[in-house]
Amino acid sequence: MSAKTAGTPPVSATTSKRPAGTLYRGREGMWSWVLHRITGVAIFFFLLVHILDTALVRVSPEAYNAVIGTYQTPIMGLGEVALVGAIVYHAFNGIRIILIDLWKKGPKYQRAMFYVVVAVWVITMLAFVPRHLMNVFGH
């Protein structure tokens with residue numbers, strides 16, 4: 001036996017024959033990480049645009065009124081649904097991340113907490129979306 005192979009298990013013993021989960025093999029943890037980053041960036045850009053359009057009132061009140069007029073369209077009403085969905089997911093997942101970091105049993109229950117976040121997000125959105133869309137399309 002050579003020194004190179006002594007004590008080294010064969011490659012077939014250390015690799016899985018079936019893929020686990022997604023391309024990143026991260027399953028729920030990876031998806032929550034990706035969604036948290038995407039929603040965070042989306043919220044950041046919304047806030048940036050919101051600050052800029054609000055500052056427009058000092059430059060040109062007419063331009064400000066024109067921008068606000070475009071926000072009162074059905075397409076923007078659907079955009080508000082996406083914005084609220086992003087904020088709600090980001091907030092609930094942020095609580096999940098805090099629990100994982102600060103609760104001793106957090107890492108053990110991180111997968112279950114992800115499904116709780118998704119369930120609470122769905123319930124919250126089911127409560128918000130119909131009422132919001134009635135306001136958007138009811139005028």
# chains A, B, ... in the order shown; residues from 1 in each chain; ligands from 1
>>> select_by_dssp(residues="range 5-100 of chain A", states="alpha helix (DSSP H)", output="PyMOL selection string")
chain A and resi 11-14+27-59+61-71+74-100
>>> residues_around(residues="range 118-135 of chain A", least_positions_apart="3", cutoff="12 Å", atoms="only C-alpha atoms", output="ChimeraX atom specification")
/A:28,31-32,35,72-93,96,111-115,138-139
>>> decode(residues="range 34-80 of chain A", atoms="N, CA and C atoms", output="CSV table (one decimal), in the first residue's frame")
chain,number,residue,atom,x,y,z
A,34,VAL,N,-31.6,33.0,0.2
A,34,VAL,CA,-31.7,33.6,-1.1
A,34,VAL,C,-32.9,34.6,-1.1
A,35,LEU,N,-34.1,34.2,-0.6
A,35,LEU,CA,-35.2,35.0,-0.5
A,35,LEU,C,-35.0,36.2,0.4
A,36,HIS,N,-34.3,36.0,1.5
A,36,HIS,CA,-34.0,37.1,2.4
A,36,HIS,C,-33.1,38.2,1.8
A,37,ARG,N,-32.2,37.8,1.0
A,37,ARG,CA,-31.3,38.7,0.2
A,37,ARG,C,-32.1,39.4,-0.8
A,38,ILE,N,-32.9,38.7,-1.6
A,38,ILE,CA,-33.7,39.3,-2.7
A,38,ILE,C,-34.7,40.3,-2.1
A,39,THR,N,-35.4,39.9,-1.1
A,39,THR,CA,-36.4,40.9,-0.5
A,39,THR,C,-35.7,42.1,0.1
A,40,GLY,N,-34.5,41.9,0.7
A,40,GLY,CA,-33.8,43.0,1.3
A,40,GLY,C,-33.4,44.0,0.3
A,41,VAL,N,-32.9,43.5,-0.9
A,41,VAL,CA,-32.4,44.4,-1.9
A,41,VAL,C,-33.7,45.1,-2.5
A,42,ALA,N,-34.8,44.4,-2.7
A,42,ALA,CA,-36.0,45.0,-3.3
A,42,ALA,C,-36.5,46.1,-2.4
A,43,ILE,N,-36.5,45.8,-1.1
A,43,ILE,CA,-37.0,46.9,-0.1
A,43,ILE,C,-36.0,48.1,-0.1
A,44,PHE,N,-34.7,47.8,-0.2
A,44,PHE,CA,-33.7,48.9,-0.3
A,44,PHE,C,-34.0,49.8,-1.5
A,45,PHE,N,-34.2,49.2,-2.7
A,45,PHE,CA,-34.5,50.0,-3.9
A,45,PHE,C,-35.9,50.7,-3.8
A,46,PHE,N,-36.9,50.1,-3.2
A,46,PHE,CA,-38.1,50.8,-3.0
A,46,PHE,C,-37.9,52.0,-2.1
A,47,LEU,N,-37.2,51.9,-1.0
A,47,LEU,CA,-36.9,53.0,-0.1
A,47,LEU,C,-36.2,54.1,-0.8
A,48,LEU,N,-35.2,53.7,-1.7
A,48,LEU,CA,-34.4,54.7,-2.4
A,48,LEU,C,-35.3,55.5,-3.3
A,49,VAL,N,-36.2,54.8,-4.1
A,49,VAL,CA,-37.1,55.5,-5.0
A,49,VAL,C,-38.1,56.3,-4.2
A,50,HIS,N,-38.6,55.8,-3.1
A,50,HIS,CA,-39.5,56.6,-2.2
A,50,HIS,C,-38.9,57.9,-1.7
A,51,ILE,N,-37.7,57.8,-1.3
A,51,ILE,CA,-37.0,59.0,-0.8
A,51,ILE,C,-36.8,60.0,-1.9
A,52,LEU,N,-36.4,59.5,-3.1
A,52,LEU,CA,-36.2,60.4,-4.3
A,52,LEU,C,-37.5,61.0,-4.7
A,53,ASP,N,-38.6,60.3,-4.8
A,53,ASP,CA,-39.9,60.9,-5.3
A,53,ASP,C,-40.5,61.8,-4.2
A,54,THR,N,-40.2,61.5,-3.0
A,54,THR,CA,-40.7,62.5,-1.9
A,54,THR,C,-39.9,63.8,-2.0
A,55,ALA,N,-38.6,63.7,-2.2
A,55,ALA,CA,-37.8,64.9,-2.3
A,55,ALA,C,-38.2,65.7,-3.5
A,56,LEU,N,-38.8,65.1,-4.5
A,56,LEU,CA,-39.2,65.8,-5.7
A,56,LEU,C,-40.2,67.0,-5.4
A,57,VAL,N,-40.9,66.8,-4.3
A,57,VAL,CA,-41.9,67.9,-4.0
A,57,VAL,C,-41.3,69.2,-3.7
A,58,ARG,N,-40.0,69.2,-3.2
A,58,ARG,CA,-39.3,70.5,-3.0
A,58,ARG,C,-38.8,71.1,-4.3
A,59,VAL,N,-38.5,70.2,-5.3
A,59,VAL,CA,-37.9,70.7,-6.5
A,59,VAL,C,-39.1,71.2,-7.4
A,60,SER,N,-40.1,70.4,-7.6
A,60,SER,CA,-41.2,70.7,-8.5
A,60,SER,C,-42.5,70.0,-8.0
A,61,PRO,N,-43.4,70.8,-7.4
A,61,PRO,CA,-44.6,70.2,-6.9
A,61,PRO,C,-45.4,69.6,-8.1
A,62,GLU,N,-45.4,70.2,-9.3
A,62,GLU,CA,-46.1,69.6,-10.4
A,62,GLU,C,-45.5,68.3,-10.8
A,63,ALA,N,-44.2,68.1,-10.8
A,63,ALA,CA,-43.6,66.8,-11.2
A,63,ALA,C,-44.0,65.8,-10.1
A,64,TYR,N,-43.9,66.2,-8.8
A,64,TYR,CA,-44.3,65.4,-7.7
A,64,TYR,C,-45.7,64.8,-7.9
A,65,ASN,N,-46.7,65.7,-8.2
A,65,ASN,CA,-48.1,65.3,-8.4
A,65,ASN,C,-48.2,64.4,-9.6
A,66,ALA,N,-47.4,64.6,-10.7
A,66,ALA,CA,-47.4,63.7,-11.8
A,66,ALA,C,-46.9,62.3,-11.4
A,67,VAL,N,-45.9,62.2,-10.6
A,67,VAL,CA,-45.3,60.9,-10.2
A,67,VAL,C,-46.4,60.2,-9.3
A,68,ILE,N,-46.9,61.0,-8.4
A,68,ILE,CA,-47.9,60.4,-7.5
A,68,ILE,C,-49.1,59.9,-8.3
A,69,GLY,N,-49.5,60.6,-9.3
A,69,GLY,CA,-50.6,60.1,-10.2
A,69,GLY,C,-50.3,58.8,-10.9
A,70,THR,N,-49.0,58.6,-11.3
A,70,THR,CA,-48.7,57.3,-11.9
A,70,THR,C,-48.7,56.1,-10.8
A,71,TYR,N,-48.5,56.5,-9.6
A,71,TYR,CA,-48.6,55.5,-8.5
A,71,TYR,C,-50.0,55.0,-8.3
A,72,GLN,N,-51.0,55.7,-8.7
A,72,GLN,CA,-52.4,55.3,-8.4
A,72,GLN,C,-53.0,54.5,-9.6
A,73,THR,N,-52.2,53.7,-10.2
A,73,THR,CA,-52.7,52.8,-11.3
A,73,THR,C,-52.8,51.4,-10.8
A,74,PRO,N,-53.6,50.6,-11.5
A,74,PRO,CA,-53.7,49.2,-11.0
A,74,PRO,C,-52.3,48.4,-11.1
A,75,ILE,N,-51.5,48.7,-12.0
A,75,ILE,CA,-50.2,48.1,-12.1
A,75,ILE,C,-49.4,48.4,-10.8
A,76,MET,N,-49.4,49.6,-10.4
A,76,MET,CA,-48.7,50.0,-9.1
A,76,MET,C,-49.4,49.3,-7.9
A,77,GLY,N,-50.7,49.1,-8.0
A,77,GLY,CA,-51.4,48.4,-6.9
A,77,GLY,C,-50.9,47.0,-6.8
A,78,LEU,N,-50.6,46.4,-7.9
A,78,LEU,CA,-50.1,45.0,-7.9
A,78,LEU,C,-48.6,45.1,-7.4
A,79,GLY,N,-47.9,46.1,-7.7
A,79,GLY,CA,-46.6,46.3,-7.2
A,79,GLY,C,-46.6,46.5,-5.7
A,80,GLU,N,-47.6,47.1,-5.2
A,80,GLU,CA,-47.7,47.3,-3.7
A,80,GLU,C,-47.9,45.9,-3.0
